[in-house]
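First comes the structure, then the notes that go with it.
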Amino acid sequence: MQKYFTDHPRDFLAVATPGAGKTTFALSVAAELLGRRIVDRITIVAPTEHLKLQWAQAAARAGIPIDPTYAAGKGRTSGDYVGIAVTYAGVAVNPLAMRIRTERFKTLVILDEVHHAGDALSWGEGVREAFEPASRRLALTGTPFRSDINPIPFVTYAPGHDGVPRSVADFTYGYGQALADHVVRPVLFMAYSGDMTWRTRAGDEVVARLGEPLTKDLTNQALRTALDPHGSWIPSVLAAADTRLSEVRRHVPDAGGLVIATDQDSARAYAKTLRQITGEAATVVLSDEKLASKKISEFSAGESRWMVAVRMVSEGVDVPRLSVGVYATTTSTPLFFAQAVGRFVRARARGETASVFLPSVPGLLTFAAEMEVERDHVLGKKVSEDGDLFAPEDDLLRQANQGEAASSDLEGLSFEALGSEARFDRVLFDGGEFGHAGEVHVGSEEEMDFLGIPGLLEPDQMRDLLRRRQSDRAQKQQSALTARGEEARQSADSVAEVTTHEQLAVLRRELNGLVGAWHHRTGQPHGMTHATLRKECGGPAAAVANAEQLRARIDRVREWAARRTS
């Protein structure tokens, strides 16, 4: 607010993590501009119909009456309103009508999740034509990166260090900063792997472990097998998520859970499974239902346990009591993932923690490990450097804004899911990984070490508890081995004798321990240290790095420590 009214810009881009208060900021600016008579009308542009209604309700609480039923070409609206709420698609239908309305009044245009102005060429052109005459334009976004190289209307671009134009925000408030300020919740990512069995179109039967290195097609098919409602993987993960929700509700009685499904059939099937697990009906929200907005509002205001949705709750929808999520969709783009996780991070009280359950798929694990990375919209160049922390893979970027249609990227990959089983894999938190060596069965004591974490903990307390539980379990396992007369091997040579899965787990834990020690010595955040190691040593995030890459990073941290000591 201070920066806005000091600079008095015509265009202002605020980039803030979901849950940071973008709506409150925008409506505060609107109220001040109306009070000073700098503007006399408000136009709010949102991605979806539900968000129009949500904006109108929030504006009413701020004393700004907004008409969410307005449609381009409608002409006048009731004199009781000082503004309207429309969608980007609605603007594109008749931008000239919106331009005429904008010209008639001194108008403030609030562009919510402005990256959607580039979802289609007609949308961007429509927004530019309709709101070029506006007195003020306030753009908001939590995910300011896109797959294309088309400029977003009314966003400033400036050359970066490499000469390539990048979007420039007037104010940025990232997840890391918001977490430090206790504005958002820390997120525990509970990753589950397991063996999948399916039959290909050619009739071949394939058995693979979810999360192992596979081709893109096989990874997609393994993921679809895991998410098949008739298999064992998804019911096991839903049961684990409900166990976690019960633990959270000990401290946060109205905490709710959300399952994000691929399609409507899966959503209904997941809701049926949740009813069998909990004995309580889940709220099912489908994007084409007329009552979808009402269902979301009722769930938000109530105390029921679970909601299952396809698209409606992926972006911008405000349900602050959501504390546990299950990422059960084949949509695996960085934009959608960021939007989905954003549904769980809004903090209401200090100590609240969000938990998101997801499949152990390399892409999703990478997104989870890089929660704090801030990205800008890059123009004119496709970024493909493997070591660039700010460059998601090109194929993921190309998909990021082509829509969220179920399984659109999997058409033609005909297959039949035959069976699946779930195994607890690891927890990702604050750039680190925590888990137990070897296979951890669903429902086991080892899994409960993490599912039973209290629902109210500060980030430092969470980190210490995760380390302690992992360490205690390792000591118990060591004692059991000793009791059976098996000599514990802890030398580096022993790593080569265990399976690849166990080897990587040992190396990841060693790296995370060293990063933790470096944090205590220097105060540098874990995520920043991991990012620096990636930049210096190359390779992907630790969650999906190979053994050689992990060893290189371990050696590098030790080099840092040696130099600092000397």
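Simple scheme: letters A, B, ... for chains in structure tokens order, numbers from 1 for residues in each chain, numbers from 1 for ligands in the order shown.
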Residue neighbourhood A:Ala543, 12 Å, only C-alpha atoms, exclusion window fewer than 5 positions, as an MDAnalysis selection string: chainID A and resid 189 191 211:212 360:370 425:429 431:434 501 504:505 507:509 511:512 530 534 549:550
The selected residues should be written to file as an mmCIF file, in the first residue's frame (atoms: C-alpha atoms).
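Saved to selection.cif:
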```
data_model
loop_
_atom_site.group_PDB
_atom_site.id
_atom_site.type_symbol
_atom_site.label_atom_id
_atom_site.label_comp_id
_atom_site.auth_asym_id
_atom_site.auth_seq_id
_atom_site.Cartn_x
_atom_site.Cartn_y
_atom_site.Cartn_z
ATOM 1 C CA PHE A 189 4.815 -33.326 1.253
ATOM 2 C CA ALA A 191 5.313 -39.003 -1.073
ATOM 3 C CA GLY A 211 9.076 -43.141 -9.003
ATOM 4 C CA GLU A 212 11.788 -45.268 -10.586
ATOM 5 C CA SER A 360 6.515 -40.369 -6.018
ATOM 6 C CA VAL A 361 6.810 -39.088 -9.576
ATOM 7 C CA PRO A 362 10.058 -37.253 -10.400
ATOM 8 C CA GLY A 363 8.338 -34.146 -11.782
ATOM 9 C CA LEU A 364 6.070 -33.702 -8.759
ATOM 10 C CA LEU A 365 8.926 -34.345 -6.320
ATOM 11 C CA THR A 366 10.948 -31.650 -8.081
ATOM 12 C CA PHE A 367 8.092 -29.142 -7.813
ATOM 13 C CA ALA A 368 7.703 -29.971 -4.123
ATOM 14 C CA ALA A 369 11.434 -29.525 -3.514
ATOM 15 C CA GLU A 370 11.414 -26.124 -5.227
ATOM 16 C CA ASP A 425 8.378 -43.286 0.420
ATOM 17 C CA ARG A 426 9.500 -40.078 2.125
ATOM 18 C CA VAL A 427 8.558 -36.668 3.488
ATOM 19 C CA LEU A 428 9.780 -33.494 1.803
ATOM 20 C CA PHE A 429 9.946 -30.406 4.000
ATOM 21 C CA GLY A 431 14.148 -28.414 1.008
ATOM 22 C CA GLY A 432 15.041 -31.580 2.958
ATOM 23 C CA GLU A 433 13.909 -35.208 2.815
ATOM 24 C CA PHE A 434 13.012 -37.510 5.681
ATOM 25 C CA HIS A 501 16.646 -47.276 -3.812
ATOM 26 C CA LEU A 504 19.890 -43.044 -2.898
ATOM 27 C CA ALA A 505 17.987 -42.797 0.397
ATOM 28 C CA LEU A 507 22.938 -40.382 0.221
ATOM 29 C CA ARG A 508 19.941 -38.021 0.370
ATOM 30 C CA ARG A 509 19.845 -38.279 4.160
ATOM 31 C CA LEU A 511 23.234 -34.568 2.125
ATOM 32 C CA ASN A 512 20.258 -33.238 4.084
ATOM 33 C CA HIS A 530 20.282 -26.826 -2.098
ATOM 34 C CA ARG A 534 22.584 -27.476 -7.847
ATOM 35 C CA GLN A 549 25.208 -36.008 -8.336
ATOM 36 C CA LEU A 550 24.358 -36.463 -4.646
#
```
If you run DSSP on the backbone, which residues of stretch 180-232 of chain A are alpha helix (DSSP H), as a list in words?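 Matching residues, listed in order: Ala180, Lys216, Asp217, Leu218, Thr219, Asn220, Gln221, Ala222, Leu223, Arg224, Thr225, Ala226 and Leu227 of chain A.
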Of the listed residues A:Leu457, A:Met307, A:Met371, A:Val114, that which approaches A:Ala531 most closely, counting only C-alpha atoms: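 Looking at the shortest contact to A:Ala531, the residue is A:Met371.
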Counting only C-alpha atoms, the option among A:Leu33, A:Leu53, A:Val515, A:Ala541 closest to A:Trp560: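 That would be A:Val515, the residue with the smallest distance to A:Trp560.
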Please determine, counting only C-alpha atoms, which residue among A:Arg209, A:Arg76, A:Arg469, A:His230 has the shortest atom-to-atom distance to A:Ala269.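 Checking each candidate against A:Ala269, we get A:His230 as the closest.
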Which one is closest to A:Asp204: A:Ala417, A:Thr23, A:Gly443, A:Met528? Count only C-alpha atoms. A:Ala417
Could you please write out, as a PyMOL selection string, every residue of stretch 196-292 of chain A that DSSP assigns to strand (DSSP E or B)? chain A and resi 196-200+205-209+256-261+283-285
To one decimal place, how far is atom CA of A:Arg350 from atom CA of A:Ala20 in Å?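 Between these atoms lies a distance of 14.2 Å.
Taking atom CA of A:Val324 and atom CA of A:Gly257 as endpoints, the distance between them is 4.6 Å.
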Just the number, please: distance in Å from atom CA of A:Ala62 to atom CA of A:Ala30, one decimal.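 We find that atom CA of A:Ala62 and atom CA of A:Ala30 lie 9.6 Å from each other.
Every protein or nucleic acid residue with an atom no more than 10 Å from A:His441, counting only C-alpha atoms and leaving out same-chain residues fewer than 6 positions away, appears here: Gly194, Glu421, Ala422, Arg423, Phe424, Asp425 and Glu447 of chain A.
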Which one is closest to A:Leu335: A:Arg321, A:His115, A:Arg104, A:Arg36? Count only C-alpha atoms.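 Smallest separation from A:Leu335 among the options: A:His115.
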Quick one: residues within 8 Å of A:Arg268, only C-alpha atoms counted, chain neighbours fewer than 4 positions away excluded, as a list in words? Gln264, Lys272, Val284 and Val308 of chain A
Take the residues that were just selected and, keeping N, CA, C and O atoms, output them as a short mmCIF file (atom, residue, chain, number, x, y, z; two decimals), in the first residue's frame.
```cif
data_model
loop_
_atom_site.label_atom_id
_atom_site.label_comp_id
_atom_site.auth_asym_id
_atom_site.auth_seq_id
_atom_site.Cartn_x
_atom_site.Cartn_y
_atom_site.Cartn_z
N GLN A 264 -14.10 -36.46 -13.66
CA GLN A 264 -15.31 -36.56 -12.84
C GLN A 264 -15.56 -37.98 -12.35
O GLN A 264 -15.98 -38.18 -11.20
N LYS A 272 -16.57 -42.02 -2.96
CA LYS A 272 -17.15 -43.26 -2.45
C LYS A 272 -16.17 -43.97 -1.52
O LYS A 272 -16.54 -44.48 -0.45
N VAL A 284 -18.49 -33.39 -3.32
CA VAL A 284 -17.91 -33.56 -4.66
C VAL A 284 -18.21 -32.30 -5.46
O VAL A 284 -19.37 -31.91 -5.62
N VAL A 308 -13.84 -33.38 -2.68
CA VAL A 308 -13.17 -33.91 -3.86
C VAL A 308 -13.52 -33.03 -5.04
O VAL A 308 -14.69 -32.73 -5.26
#
```
Just want the 9 Å neighbourhood of A:Phe337, counted on only C-alpha atoms, with same-chain residues fewer than 3 positions away dropped. Output as JSON, numbers by chain. {"A": [314, 327, 331, 332, 333, 334, 340, 341, 342, 364, 367, 368]}
